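What follows is the content of input30.pdb (PDB, C-alpha atoms).
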ATOM      1  CA  MET A   1     -24.536 -28.677  -5.345  1.00  0.00           C
ATOM      2  CA  ILE A   2     -21.493 -27.786  -7.386  1.00  0.00           C
ATOM      3  CA  PRO A   3     -20.471 -30.679  -9.662  1.00  0.00           C
ATOM      4  CA  GLU A   4     -17.011 -32.077  -8.876  1.00  0.00           C
ATOM      5  CA  GLN A   5     -15.334 -30.603 -11.958  1.00  0.00           C
ATOM      6  CA  TRP A   6     -16.400 -27.080 -10.902  1.00  0.00           C
ATOM      7  CA  LEU A   7     -15.355 -27.253  -7.235  1.00  0.00           C
ATOM      8  CA  HIS A   8     -12.896 -24.465  -6.523  1.00  0.00           C
ATOM      9  CA  SER A   9     -11.290 -22.102  -4.092  1.00  0.00           C
ATOM     10  CA  THR A  10     -11.180 -18.578  -5.462  1.00  0.00           C
ATOM     11  CA  VAL A  11      -7.916 -17.022  -4.312  1.00  0.00           C
ATOM     12  CA  GLN A  12      -8.426 -13.622  -5.949  1.00  0.00           C
ATOM     13  CA  GLY A  13     -11.104 -12.315  -8.258  1.00  0.00           C
ATOM     14  CA  ILE A  14     -10.715  -9.624 -10.872  1.00  0.00           C
ATOM     15  CA  HIS A  15     -14.241  -8.412 -11.441  1.00  0.00           C
ATOM     16  CA  HIS A  16     -13.842  -6.735 -14.811  1.00  0.00           C
ATOM     17  CA  ALA A  17     -12.637  -7.748 -18.254  1.00  0.00           C
ATOM     18  CA  LEU A  18      -8.953  -7.539 -19.187  1.00  0.00           C
ATOM     19  CA  ASP A  19      -7.780  -6.664 -22.670  1.00  0.00           C
ATOM     20  CA  ALA A  20      -5.183  -8.853 -24.415  1.00  0.00           C
ATOM     21  CA  GLY A  21      -2.286  -6.638 -23.332  1.00  0.00           C
ATOM     22  CA  GLN A  22      -3.354  -6.637 -19.692  1.00  0.00           C
ATOM     23  CA  LEU A  23      -3.816 -10.390 -19.754  1.00  0.00           C
ATOM     24  CA  THR A  24      -0.313 -10.900 -21.177  1.00  0.00           C
ATOM     25  CA  GLN A  25       1.171  -8.556 -18.559  1.00  0.00           C
ATOM     26  CA  PHE A  26      -0.752 -10.227 -15.762  1.00  0.00           C
ATOM     27  CA  ARG A  27       0.330 -13.712 -16.819  1.00  0.00           C
ATOM     28  CA  GLY A  28       3.977 -12.615 -16.735  1.00  0.00           C
ATOM     29  CA  ALA A  29       3.615 -10.809 -13.404  1.00  0.00           C
ATOM     30  CA  LEU A  30       1.810 -13.821 -11.920  1.00  0.00           C
ATOM     31  CA  ARG A  31       4.613 -16.181 -12.970  1.00  0.00           C
ATOM     32  CA  ASP A  32       7.200 -13.775 -11.494  1.00  0.00           C
ATOM     33  CA  GLU A  33       5.331 -13.458  -8.179  1.00  0.00           C
ATOM     34  CA  LEU A  34       4.864 -17.229  -7.820  1.00  0.00           C
ATOM     35  CA  LEU A  35       8.337 -18.228  -9.051  1.00  0.00           C
ATOM     36  CA  ASP A  36       9.787 -19.073  -5.643  1.00  0.00           C
ATOM     37  CA  MET A  37       6.576 -20.096  -3.840  1.00  0.00           C
ATOM     38  CA  GLN A  38       6.664 -23.738  -2.839  1.00  0.00           C
ATOM     39  CA  PRO A  39       3.663 -26.107  -2.732  1.00  0.00           C
ATOM     40  CA  PHE A  40       2.002 -26.200   0.674  1.00  0.00           C
ATOM     41  CA  ARG A  41      -0.417 -28.456   2.519  1.00  0.00           C
ATOM     42  CA  VAL A  42      -3.798 -27.437   3.835  1.00  0.00           C
ATOM     43  CA  GLN A  43      -6.711 -29.212   5.388  1.00  0.00           C
ATOM     44  CA  LEU A  44     -10.240 -28.847   4.066  1.00  0.00           C
ATOM     45  CA  GLY A  45     -12.842 -28.780   6.812  1.00  0.00           C
ATOM     46  CA  PRO A  46     -15.024 -28.150   8.656  1.00  0.00           C
ATOM     47  CA  VAL A  47     -18.010 -27.425   6.454  1.00  0.00           C
ATOM     48  CA  TRP A  48     -19.740 -24.066   6.987  1.00  0.00           C
ATOM     49  CA  PRO A  49     -23.377 -23.889   5.891  1.00  0.00           C
ATOM     50  CA  GLY A  50     -24.511 -20.297   5.517  1.00  0.00           C
ATOM     51  CA  VAL A  51     -27.518 -18.483   4.167  1.00  0.00           C
ATOM     52  CA  THR A  52     -26.095 -18.132   0.615  1.00  0.00           C
ATOM     53  CA  ALA A  53     -23.644 -21.018   0.301  1.00  0.00           C
ATOM     54  CA  VAL A  54     -22.143 -24.122   1.813  1.00  0.00           C
ATOM     55  CA  THR A  55     -18.388 -23.684   2.056  1.00  0.00           C
ATOM     56  CA  VAL A  56     -15.527 -25.655   3.511  1.00  0.00           C
ATOM     57  CA  ALA A  57     -12.768 -24.011   5.532  1.00  0.00           C
ATOM     58  CA  VAL A  58      -9.159 -24.145   4.325  1.00  0.00           C
ATOM     59  CA  TYR A  59      -6.679 -24.391   7.247  1.00  0.00           C
ATOM     60  CA  PRO A  60      -4.193 -23.193   8.050  1.00  0.00           C
ATOM     61  CA  GLU A  61      -5.097 -19.942   6.357  1.00  0.00           C
ATOM     62  CA  ASP A  62      -1.559 -18.522   6.169  1.00  0.00           C
ATOM     63  CA  GLY A  63      -0.517 -20.372   2.985  1.00  0.00           C
ATOM     64  CA  MET A  64      -3.655 -19.293   1.146  1.00  0.00           C
ATOM     65  CA  ALA A  65      -3.285 -15.736   2.480  1.00  0.00           C
ATOM     66  CA  ALA A  66       0.329 -15.623   1.211  1.00  0.00           C
ATOM     67  CA  LEU A  67      -0.850 -16.927  -2.167  1.00  0.00           C
ATOM     68  CA  ASN A  68      -3.529 -14.227  -2.246  1.00  0.00           C
ATOM     69  CA  ASP A  69      -0.938 -11.554  -1.403  1.00  0.00           C
ATOM     70  CA  ARG A  70       1.272 -12.657  -4.309  1.00  0.00           C
ATOM     71  CA  ILE A  71      -1.603 -12.758  -6.784  1.00  0.00           C
ATOM     72  CA  ARG A  72      -2.750  -9.295  -5.675  1.00  0.00           C
ATOM     73  CA  ALA A  73       0.824  -8.027  -6.081  1.00  0.00           C
ATOM     74  CA  ALA A  74       0.900  -9.391  -9.647  1.00  0.00           C
ATOM     75  CA  ALA A  75      -2.434  -7.747 -10.489  1.00  0.00           C
ATOM     76  CA  GLU A  76      -1.347  -4.418  -9.006  1.00  0.00           C
ATOM     77  CA  LYS A  77       1.630  -4.330 -11.416  1.00  0.00           C
ATOM     78  CA  VAL A  78      -0.715  -4.168 -14.412  1.00  0.00           C
ATOM     79  CA  PRO A  79      -2.159  -0.753 -15.317  1.00  0.00           C
ATOM     80  CA  GLY A  80      -5.942  -0.822 -15.487  1.00  0.00           C
ATOM     81  CA  ILE A  81      -6.505  -3.841 -13.239  1.00  0.00           C
ATOM     82  CA  SER A  82      -8.723  -2.799 -10.366  1.00  0.00           C
ATOM     83  CA  LEU A  83      -9.116  -5.041  -7.331  1.00  0.00           C
ATOM     84  CA  ARG A  84     -11.695  -4.866  -4.602  1.00  0.00           C
ATOM     85  CA  ARG A  85     -10.476  -3.603  -1.240  1.00  0.00           C
ATOM     86  CA  LYS A  86      -8.357  -6.132   0.634  1.00  0.00           C
ATOM     87  CA  GLU A  87     -10.092  -7.564   3.682  1.00  0.00           C
ATOM     88  CA  ALA A  88      -8.442  -7.287   7.098  1.00  0.00           C
ATOM     89  CA  LYS A  89      -8.186 -11.095   7.194  1.00  0.00           C
ATOM     90  CA  TYR A  90      -8.170 -13.380   4.162  1.00  0.00           C
ATOM     91  CA  TRP A  91     -11.041 -15.869   4.212  1.00  0.00           C
ATOM     92  CA  ALA A  92      -9.650 -19.127   2.819  1.00  0.00           C
ATOM     93  CA  HIS A  93     -12.502 -21.383   1.735  1.00  0.00           C
ATOM     94  CA  ALA A  94     -13.827 -23.590  -1.043  1.00  0.00           C
ATOM     95  CA  SER A  95     -17.427 -23.539  -2.200  1.00  0.00           C
ATOM     96  CA  LEU A  96     -19.460 -26.767  -2.214  1.00  0.00           C
ATOM     97  CA  ALA A  97     -22.949 -25.457  -2.988  1.00  0.00           C
ATOM     98  CA  TYR A  98     -24.815 -22.201  -3.472  1.00  0.00           C
ATOM     99  CA  ALA A  99     -28.263 -21.489  -2.070  1.00  0.00           C
ATOM    100  CA  ARG A 100     -30.946 -20.194  -4.379  1.00  0.00           C
ATOM    101  CA  ALA A 101     -33.612 -20.111  -1.706  1.00  0.00           C
ATOM    102  CA  ASP A 102     -33.817 -19.838   2.057  1.00  0.00           C
ATOM    103  CA  PHE A 103     -32.893 -23.007   3.896  1.00  0.00           C
ATOM    104  CA  PRO A 104     -32.484 -23.979   7.557  1.00  0.00           C
ATOM    105  CA  ASP A 105     -28.719 -23.459   7.846  1.00  0.00           C
ATOM    106  CA  ARG A 106     -28.699 -24.400  11.536  1.00  0.00           C
ATOM    107  CA  ASP A 107     -30.204 -27.819  10.811  1.00  0.00           C
ATOM    108  CA  LEU A 108     -27.919 -28.320   7.823  1.00  0.00           C
ATOM    109  CA  ASN A 109     -24.901 -27.328   9.895  1.00  0.00           C
ATOM    110  CA  ARG A 110     -25.690 -30.046  12.415  1.00  0.00           C
ATOM    111  CA  ALA A 111     -26.232 -32.642   9.680  1.00  0.00           C
ATOM    112  CA  LEU A 112     -23.015 -31.926   7.751  1.00  0.00           C
ATOM    113  CA  ARG A 113     -20.013 -33.457   9.460  1.00  0.00           C
ATOM    114  CA  PRO A 114     -17.800 -34.950   6.727  1.00  0.00           C
ATOM    115  CA  PRO A 115     -14.207 -35.873   7.579  1.00  0.00           C
ATOM    116  CA  ARG A 116     -11.476 -33.310   7.014  1.00  0.00           C
ATOM    117  CA  VAL A 117      -9.237 -33.832   3.995  1.00  0.00           C
ATOM    118  CA  ASP A 118      -5.528 -33.027   3.522  1.00  0.00           C
ATOM    119  CA  VAL A 119      -4.689 -31.349   0.204  1.00  0.00           C
ATOM    120  CA  THR A 120      -1.480 -30.044  -1.365  1.00  0.00           C
ATOM    121  CA  ILE A 121      -1.755 -26.693  -3.149  1.00  0.00           C
ATOM    122  CA  ASP A 122       0.742 -27.010  -5.997  1.00  0.00           C
ATOM    123  CA  ARG A 123      -0.693 -24.865  -8.781  1.00  0.00           C
ATOM    124  CA  VAL A 124      -2.782 -21.822  -9.584  1.00  0.00           C
ATOM    125  CA  HIS A 125      -5.174 -21.564 -12.503  1.00  0.00           C
ATOM    126  CA  LEU A 126      -5.835 -18.230 -14.146  1.00  0.00           C
ATOM    127  CA  ILE A 127      -9.365 -18.545 -15.469  1.00  0.00           C
ATOM    128  CA  ASN A 128     -12.210 -16.806 -17.229  1.00  0.00           C
ATOM    129  CA  GLN A 129     -15.176 -17.554 -14.984  1.00  0.00           C
ATOM    130  CA  TYR A 130     -18.826 -17.653 -16.016  1.00  0.00           C
ATOM    131  CA  GLN A 131     -21.780 -17.398 -13.661  1.00  0.00           C
ATOM    132  CA  HIS A 132     -24.776 -19.605 -14.479  1.00  0.00           C
ATOM    133  CA  PRO A 133     -27.751 -18.505 -12.345  1.00  0.00           C
ATOM    134  CA  ASP A 134     -29.925 -21.170 -13.975  1.00  0.00           C
ATOM    135  CA  LEU A 135     -27.497 -23.937 -12.884  1.00  0.00           C
ATOM    136  CA  GLY A 136     -26.584 -22.366  -9.559  1.00  0.00           C
ATOM    137  CA  TYR A 137     -22.791 -22.517  -9.963  1.00  0.00           C
ATOM    138  CA  TYR A 138     -19.815 -21.168 -11.915  1.00  0.00           C
ATOM    139  CA  THR A 139     -17.868 -22.703 -14.778  1.00  0.00           C
ATOM    140  CA  TRP A 140     -14.651 -21.481 -16.391  1.00  0.00           C
ATOM    141  CA  ASP A 141     -12.056 -21.765 -19.098  1.00  0.00           C
ATOM    142  CA  VAL A 142      -8.433 -22.128 -17.972  1.00  0.00           C
ATOM    143  CA  VAL A 143      -6.296 -19.331 -19.437  1.00  0.00           C
ATOM    144  CA  ASP A 144      -3.037 -20.404 -17.790  1.00  0.00           C
ATOM    145  CA  GLU A 145      -1.690 -22.762 -15.141  1.00  0.00           C
ATOM    146  CA  VAL A 146       1.198 -21.788 -12.896  1.00  0.00           C
ATOM    147  CA  ARG A 147       2.830 -24.578 -10.900  1.00  0.00           C
ATOM    148  CA  LEU A 148       4.360 -23.747  -7.551  1.00  0.00           C
ATOM    149  CA  GLY A 149       7.962 -24.789  -6.847  1.00  0.00           C
TER     150      GLY A 149
END
Before anything else, please render the file you have as structure tokens.
Amino acid sequence: MIPEQWLHSTVQGIHHALDAGQLTQFRGALRDELLDMQPFRVQLGPVWPGVTAVTVAVYPEDGMAALNDRIRAAAEKVPGISLRRKEAKYWAHASLAYARADFPDRDLNRALRPPRVDVTIDRVHLINQYQHPDLGYYTWDVVDEVRLG
């Protein structure tokens, strides 16, 4: 299970290190891209157990997809930032747990039926993320926070 303080929804990953200049440029581009984006409401749920993780859906997906588009646009303005190929459809989700061994996802899927939760997305955190295979989850340091609206 991911401890509460490390629960997250990754909107866009950059899977390589940035130098100080790139980070400064990206922070500015991110603020510019998000300047006129207003907070939006989503609903978390249902839970999706899978073979590598337990995730929760984020609906509707359009607000998160628009947020992803803006973050990608900011990253693409910075020379040297390389993003993975954009998927045909953005998969909006939050991670609740990661699997480190096989488990009966069908049985778990039937057992997990928590209520859906309404959430307002009103900020984006730019982070340095660290993977901890021994713990089974990620932690991070916040580099910047950009509030929407």
message: Can you pull out the residues contacting range 115-124 of chain A? Cut-off 9 Å, using only C-alpha atoms, and skip same-chain residues under 3 positions away; I want them as a ChimeraX atom specification.
response: /A:11,38-47,63-64,144-149
Suppose a student applies the PyMOL selection byres ((chain A and resi 68) around 10) to this structure; what residues should they get, written as a short mmCIF file (atom, residue, chain, number, x, y, z; two decimals) with C-alpha atoms, keeping the file's coordinate frame?
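Generated file (selection31.cif):
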data_model
loop_
_atom_site.label_atom_id
_atom_site.label_comp_id
_atom_site.auth_asym_id
_atom_site.auth_seq_id
_atom_site.Cartn_x
_atom_site.Cartn_y
_atom_site.Cartn_z
CA THR A 10 -11.18 -18.58 -5.46
CA VAL A 11 -7.92 -17.02 -4.31
CA GLN A 12 -8.43 -13.62 -5.95
CA GLY A 13 -11.10 -12.32 -8.26
CA ASP A 62 -1.56 -18.52 6.17
CA GLY A 63 -0.52 -20.37 2.98
CA MET A 64 -3.66 -19.29 1.15
CA ALA A 65 -3.28 -15.74 2.48
CA ALA A 66 0.33 -15.62 1.21
CA LEU A 67 -0.85 -16.93 -2.17
CA ASP A 69 -0.94 -11.55 -1.40
CA ARG A 70 1.27 -12.66 -4.31
CA ILE A 71 -1.60 -12.76 -6.78
CA ARG A 72 -2.75 -9.30 -5.68
CA ALA A 73 0.82 -8.03 -6.08
CA ALA A 74 0.90 -9.39 -9.65
CA LYS A 86 -8.36 -6.13 0.63
CA TYR A 90 -8.17 -13.38 4.16
CA ALA A 92 -9.65 -19.13 2.82
#
Please, what is the axis-aligned box for every listed atom of range 11-19 of chain A with 6 Å on each side, as centre and edge lengths in Å to one decimal, as JSON?
{"center_x": -11.0, "center_y": -11.8, "center_z": -13.5, "size_x": 18.5, "size_y": 22.4, "size_z": 30.4}
task: Taking the file above as input, evaluate the PyMOL selection byres ((chain A and resi 17) around 12) and report the hits as an NGL selection string.
output: :A and (13-16 or 18-23 or 80-83 or 127-130)
- line: Counting all atoms listed in the file, the residue among A:Ala88, A:Leu30, A:Met37, A:Ala94 that lies closest to Val58 in chain A is A:Ala94
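Residue nearest Val56 in chain A within the list A:Arg84, A:Arg113, A:His132, A:His125: A:Arg113 [criterion: smallest interatomic distance, all atoms listed in the file].
Within the 9 Å cut-off around Trp48 in chain A, using only C-alpha atoms and omitting residues fewer than 6 positions from it on the same chain, the listed residues are Val54, Thr55, Val56, Ala57, Asn109 and Leu112 of chain A.
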message: Here is a test: counting all atoms listed in the file, which residue of A:Glu87, A:Glu33, A:Glu4, A:Asp107 is nearest to Thr139 in chain A?
response: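 Once distances to Thr139 in chain A are computed over all atoms listed in the file, the minimum belongs to A:Glu4.
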message: Report, in Å to a single decimal, how far apart CA of Tyr98 in chain A and CA of Gln5 in chain A are.
response: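 Between these atoms lies a distance of 15.2 Å.
Between CA of Ala29 in chain A and CA of Ala75 in chain A the interatomic distance comes to 7.4 Å.
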field: Nearest to His8 in chain A by atom-to-atom distance, counting all atoms listed in the file, from A:Val143, A:Leu126, A:Leu135, A:Leu96
entry: A:Leu96
query: Excluding same-chain residues fewer than 6 positions from Gly136 in chain A, what lies within 9 Å of it counting all atoms listed in the file, as a PyMOL selection string?
result: chain A and resi 1-2+97-100
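The two atoms in question, CA of Pro3 in chain A and CA of Pro60 in chain A, are spaced 25.2 Å apart.
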- prompt: Nearest to Tyr138 in chain A: which of A:Thr24, A:Leu108, A:Ser95, A:Pro114 is it, counting all atoms listed in the file?
  reply: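 Nearest candidate to Tyr138 in chain A out of A:Thr24, A:Leu108, A:Ser95, A:Pro114: A:Ser95.
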